[in-house]
Each structure stands twice: as structure tokens, then as C-alpha cells.
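Worksheet for the structure shown next.
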Amino acid sequence: MAKVKETFNNLIDLCITLEEMPEYTGKADEMFRHLLTNYFFKQETYQSKSIELILNEYKVPESIKGLKSLFELGLEELKNHVEGSTFNDSLAGKVLLSPQYLKAYFPHHPPSFSKLPEDVKFELLDRIKEKNGSIIAAFEKMEMDKQADKSRKIITLIALILKNICKKSGKPLAKISDPAEVIIKKIFNNTSEVFNGSQRQFSELGDDTKIKELLKTFFVIRQFSEINDLTRLYRAELTRYRKRGIKTGTA
């Protein structure tokens, strides 16, 4: 079976959540270390507590220490730090070439890269390259999300929320008689505005009557409890995008 490529697609939401926590507010270096331990290397730390210790003591570069938010981190800065000049001093290399990692993942070989069989060496180097690439891709995706959030119109936001609800709930979409854009504009006001998370926009999009009308139009509803479940999903998505709208509007 082909290996599924590791992806980290919700970095923007995770960073916003961390910034709301008092122990991380204004401390980009602590947020970065948290991401390493609990996000990018979560599976590795689960496999071995000694790897968690390595990450807890990881020396975060000065370029990150001086920041209050990871939203301020430049992509080129990040790439230079993650990739390093060699496999050994790359971010993933410092973890995956450690004796602790080698003991946990290659228990039948000596915990030293130079003593590993050639095929295992190549496998390990591929892991390092892929992990470094996944970390960089996550920050690139966060930058793309930031730019999208800055220019997303309300009508696009509503369509995106409906799409996410469909994915998360598994509920089938209903057949609609008019184009989706026409229906959405009949229910909500000012849909051509860019969504910035303002209280006025949040109140309009969070109107319970309008939410239920929207959901009943776009989804097949068979039981009363289903509309309540979908409404909760809608509100959760709206709140998530509101936080992003406010953050990217000030970033």
C-alpha cells in the first residue's frame, strides 16, 4: 500500500487558538516549540517520550524569538531554518537523526546513521526531506489562507461554510430550484462585502432564522434534531472564519 503523504492543513486555525491562550500570547518561540511537539512531530512524540524531550529543548532561532506572533514569520526565514545547509542541521534532521529517534523507529539497528544499512539510510533521508517539506508547505498554506481571508466576500464565505458542513456532517445536499448565489442573496444582506469579522457582519450571518432557512434550503432535513446539529456546525464554522477575518485584517 502506498504511503499517504503527511499534510498539516489547519495551521492557521491552530496558531489563532494558541494566540488566545495566555501562556502563549506574544511568545512566538513558545508557539513554534508547541507546534513541533504537538503538531508537526505529534506521531513521533507519541512513539517515544525521549523525542518529546528533544523538542521541548529545541533551540528556536533568534529570528522567531523576536516575534510576538507566528503570523509575522517570513516564509524565506522559515525555509532557511527548516532546510538548514545539510540534512543533519535541517529541522527534521535534528530530530530524525537523533539516537532517540533511531532507537524508537529502527530498533533492530544500531542508533547511529553511519551504521545503518544503505536502504535504511535512504528511507530515513526521504523521511527527513518529506517532513521538512511538509512543515514548509504548512506555513505556505497558512500564508495562502491569510491572503484568501483578506479578500473573501460574504457570499463566498457562506458557500464555503455550506461545503464544510457537507463534508463534516455527510448530509446530502438538496436539489435547489435557483442558482445558489441567488438563494443566498435572498436570505442575507450585503453579500458582496468582503468579510472582515465585524460585529455587524457576524450578527447578520449569525441570525438564527436566516441560518435555518439557509440550511433547510440546501440540505435534506428529515428530523428536527438534524437542523439543530447543522446549525451548530454552521455557527462553529462562522466563528472560526470570524477569528481568521479579524486576525488577517490586522496582521
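Order determines the names: the first chain of the C-alpha cells is A, the second B, and so forth; residues in each chain are numbered 1 upward, and ligands are numbered 1 upward as they are shown.
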At a cut-off of 8 Å, using only C-alpha atoms, what residues contact A:Pro172? Leave out same-chain residues fewer than 2 positions from it and give the result as a JSON list (two decimals) with N, CA and C atoms, in the first residue's frame.
[["chain", "number", "residue", "atom", "x", "y", "z"],
["A", 166, "CYS", "N", -21.22, 20.12, 4.69],
["A", 166, "CYS", "CA", -21.50, 18.92, 3.91],
["A", 166, "CYS", "C", -20.43, 17.86, 4.16],
["A", 170, "GLY", "N", -21.74, 14.82, 6.41],
["A", 170, "GLY", "CA", -22.10, 13.74, 5.49],
["A", 170, "GLY", "C", -23.53, 13.84, 4.99],
["A", 174, "ALA", "N", -29.61, 19.16, -0.96],
["A", 174, "ALA", "CA", -30.94, 19.11, -1.57],
["A", 174, "ALA", "C", -30.88, 19.67, -2.98],
["A", 219, "PHE", "N", -29.94, 21.56, 2.39],
["A", 219, "PHE", "CA", -29.74, 20.19, 2.86],
["A", 219, "PHE", "C", -31.05, 19.44, 2.96],
["A", 220, "VAL", "N", -30.96, 18.14, 2.82],
["A", 220, "VAL", "CA", -32.12, 17.26, 3.02],
["A", 220, "VAL", "C", -32.30, 17.06, 4.52]]
Enumerate as number ranges by chain all residues of stretch 7-238 of chain A assigned to strand (DSSP E or B) by DSSP on the backbone, naming them with the chain letters and numbers the document uses.
A: 153, 173, 194, 219
Might you pull out every residue within 8 Å of stretch 221-237 of chain A, with only C-alpha atoms counted and same-chain residues fewer than 2 positions away left off, and present them as number ranges by chain?
A: 161-162, 164-165, 169, 206, 211-212, 215-216, 219, 239-241
Taking C-alpha atoms for each residue, export the selection above as a PDB file, in the first residue's frame.
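Output contents, as saved in again.pdb:
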ATOM      1  CA  ILE A 161     -19.357  27.119   5.131  1.00  0.00           C
ATOM      2  CA  LEU A 162     -22.014  25.047   3.362  1.00  0.00           C
ATOM      3  CA  ASN A 164     -17.551  22.359   5.018  1.00  0.00           C
ATOM      4  CA  ILE A 165     -20.842  21.404   6.694  1.00  0.00           C
ATOM      5  CA  SER A 169     -21.870  16.020   8.509  1.00  0.00           C
ATOM      6  CA  GLY A 206     -25.498  34.529  12.828  1.00  0.00           C
ATOM      7  CA  ILE A 211     -29.367  30.200   9.293  1.00  0.00           C
ATOM      8  CA  LYS A 212     -32.215  27.694   9.482  1.00  0.00           C
ATOM      9  CA  LEU A 215     -29.808  25.031   5.887  1.00  0.00           C
ATOM     10  CA  LYS A 216     -33.334  23.839   5.102  1.00  0.00           C
ATOM     11  CA  PHE A 219     -29.738  20.190   2.858  1.00  0.00           C
ATOM     12  CA  THR A 239     -16.904  31.635  14.439  1.00  0.00           C
ATOM     13  CA  ARG A 240     -13.755  30.012  13.032  1.00  0.00           C
ATOM     14  CA  TYR A 241     -13.787  32.226   9.960  1.00  0.00           C
TER      15      TYR A 241
END
Using only C-alpha atoms, which protein or nucleic acid residues come within 8 Å of A:Ile184? Drop anything in the same chain fewer than 6 positions from it, and give the result as JSON, numbers by chain.
{"A": [155, 158, 214]}
Those same residues, written as a compact mmCIF listing (two decimals), in the first residue's frame with all heavy atoms?
# COMPACT_ATOMS: atom_id res chain seq x y z
N ILE A 155 -20.58 36.22 0.30
CA ILE A 155 -21.28 35.17 -0.45
C ILE A 155 -20.38 33.95 -0.64
O ILE A 155 -20.83 32.80 -0.57
CB ILE A 155 -21.80 35.69 -1.80
CG1 ILE A 155 -22.78 34.68 -2.39
CG2 ILE A 155 -20.67 36.02 -2.76
CD1 ILE A 155 -23.66 35.23 -3.48
N ILE A 158 -20.21 32.07 2.77
CA ILE A 158 -21.39 31.23 3.04
C ILE A 158 -21.32 29.93 2.23
O ILE A 158 -21.60 28.85 2.75
CB ILE A 158 -22.68 32.00 2.71
CG1 ILE A 158 -22.82 33.21 3.65
CG2 ILE A 158 -23.90 31.09 2.84
CD1 ILE A 158 -23.94 34.16 3.28
N LEU A 214 -31.46 28.93 5.42
CA LEU A 214 -30.36 28.54 4.53
C LEU A 214 -30.16 27.02 4.55
O LEU A 214 -30.09 26.38 3.50
CB LEU A 214 -29.06 29.23 4.97
CG LEU A 214 -27.81 28.91 4.16
CD1 LEU A 214 -27.82 29.67 2.84
CD2 LEU A 214 -26.54 29.26 4.96
To one decimal place in Å, what is the distance between atom CA of A:Ile187 and atom CA of A:Lys163?
17.4 Å
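For A:Gln147, the list of residues within 12 Å, based on only C-alpha atoms and with local chain neighbours fewer than 2 positions off taken out, reads A:Ile12, A:Phe71, A:Glu140, A:Lys141, A:Met142, A:Glu143, A:Met144, A:Asp145, A:Asp149, A:Lys150, A:Ser151, A:Arg152, A:Arg244, A:Gly245, A:Lys247, A:Thr248, A:Gly249, A:Ala251.
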Write out as a list in words which residues come within 9 Å of A:Thr37 when counting only C-alpha atoms, dropping same-chain ones fewer than 2 positions away.
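Surrounding residues, per the criterion: Phe32, Arg33, His34, Leu35, Tyr39, Phe40, Phe41, Lys42, Glu44, Thr45, Ile51, Glu52, Leu53, Leu55 and Asn56 of chain A.
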If you count only C-alpha atoms, which residues fall within 12 Å of A:Phe139, apart from same-chain ones fewer than 6 positions away, as a short mmCIF file (atom, residue, chain, number, x, y, z; two decimals) with N, CA, C and O atoms, in the first residue's frame?
data_model
loop_
_atom_site.label_atom_id
_atom_site.label_comp_id
_atom_site.auth_asym_id
_atom_site.auth_seq_id
_atom_site.Cartn_x
_atom_site.Cartn_y
_atom_site.Cartn_z
N THR A 7 0.31 15.73 5.72
CA THR A 7 -0.07 17.12 5.47
C THR A 7 -0.54 17.78 6.76
O THR A 7 -1.05 17.11 7.66
N PHE A 8 -0.35 19.09 6.83
CA PHE A 8 -0.77 19.87 8.00
C PHE A 8 -1.53 21.09 7.48
O PHE A 8 -0.95 22.15 7.26
N ASN A 9 -2.83 20.92 7.30
CA ASN A 9 -3.62 21.93 6.59
C ASN A 9 -4.34 22.95 7.47
O ASN A 9 -4.88 23.92 6.95
N ASN A 10 -4.36 22.75 8.78
CA ASN A 10 -5.13 23.68 9.61
C ASN A 10 -4.24 24.52 10.50
O ASN A 10 -4.60 24.90 11.61
N LEU A 11 -3.04 24.84 10.01
CA LEU A 11 -2.08 25.59 10.81
C LEU A 11 -2.60 26.97 11.20
O LEU A 11 -2.39 27.43 12.33
N ILE A 12 -3.32 27.63 10.31
CA ILE A 12 -3.82 28.98 10.61
C ILE A 12 -4.77 28.97 11.81
O ILE A 12 -4.67 29.82 12.70
N ASP A 13 -5.65 27.98 11.86
CA ASP A 13 -6.60 27.90 12.98
C ASP A 13 -5.88 27.54 14.28
O ASP A 13 -6.21 28.06 15.35
N LEU A 14 -4.88 26.68 14.18
CA LEU A 14 -4.14 26.28 15.37
C LEU A 14 -3.34 27.46 15.92
O LEU A 14 -3.31 27.68 17.14
N CYS A 15 -2.73 28.25 15.05
CA CYS A 15 -1.97 29.42 15.50
C CYS A 15 -2.88 30.44 16.19
O CYS A 15 -2.50 31.04 17.20
N PHE A 32 6.01 28.12 18.47
CA PHE A 32 6.71 27.30 17.49
C PHE A 32 7.12 25.97 18.11
O PHE A 32 6.96 24.91 17.51
N LEU A 35 4.14 23.75 18.41
CA LEU A 35 3.77 23.17 17.12
C LEU A 35 4.66 21.98 16.78
O LEU A 35 4.18 20.96 16.26
N PHE A 40 3.59 19.03 14.30
CA PHE A 40 4.43 18.51 13.23
C PHE A 40 5.09 17.17 13.59
O PHE A 40 5.27 16.32 12.71
N LEU A 70 3.41 34.09 15.13
CA LEU A 70 3.94 33.33 14.01
C LEU A 70 3.37 33.84 12.68
O LEU A 70 3.87 33.49 11.62
N PHE A 71 2.35 34.69 12.75
CA PHE A 71 1.83 35.31 11.54
C PHE A 71 2.84 36.33 10.98
O PHE A 71 2.73 36.75 9.83
N GLU A 72 3.80 36.74 11.81
CA GLU A 72 4.82 37.69 11.38
C GLU A 72 6.02 37.01 10.74
O GLU A 72 6.89 37.66 10.17
N LEU A 73 6.07 35.69 10.82
CA LEU A 73 7.21 34.94 10.33
C LEU A 73 7.26 34.92 8.81
O LEU A 73 6.29 34.53 8.15
N GLY A 74 8.38 35.35 8.23
CA GLY A 74 8.54 35.35 6.78
C GLY A 74 8.82 33.95 6.26
O GLY A 74 9.51 33.16 6.92
N LEU A 75 8.31 33.64 5.08
CA LEU A 75 8.48 32.30 4.52
C LEU A 75 9.94 31.97 4.21
O LEU A 75 10.38 30.84 4.42
N GLU A 76 10.70 32.95 3.72
CA GLU A 76 12.11 32.69 3.40
C GLU A 76 12.90 32.39 4.67
O GLU A 76 13.76 31.50 4.69
N GLU A 77 12.61 33.15 5.72
CA GLU A 77 13.23 32.90 7.02
C GLU A 77 12.95 31.48 7.48
O GLU A 77 13.84 30.76 7.93
N LEU A 78 11.70 31.10 7.37
CA LEU A 78 11.28 29.77 7.80
C LEU A 78 11.99 28.69 6.97
O LEU A 78 12.51 27.72 7.53
N LYS A 79 12.00 28.85 5.66
CA LYS A 79 12.64 27.86 4.79
C LYS A 79 14.11 27.67 5.14
O LYS A 79 14.61 26.54 5.21
N VAL A 82 14.25 25.68 8.43
CA VAL A 82 13.80 24.30 8.33
C VAL A 82 14.76 23.46 7.48
O VAL A 82 15.13 22.34 7.86
N ASN A 132 10.49 17.95 6.39
CA ASN A 132 10.85 19.36 6.19
C ASN A 132 9.91 20.02 5.18
O ASN A 132 9.44 21.14 5.39
N GLY A 133 9.66 19.30 4.09
CA GLY A 133 8.77 19.82 3.06
C GLY A 133 7.36 20.04 3.56
O GLY A 133 6.71 21.04 3.20
N ASP A 145 -3.93 31.04 3.03
CA ASP A 145 -5.19 31.20 3.76
C ASP A 145 -5.36 32.65 4.22
O ASP A 145 -6.46 33.21 4.16
N LYS A 146 -4.27 33.25 4.71
CA LYS A 146 -4.33 34.65 5.15
C LYS A 146 -4.76 35.57 4.01
O LYS A 146 -5.61 36.44 4.18
#
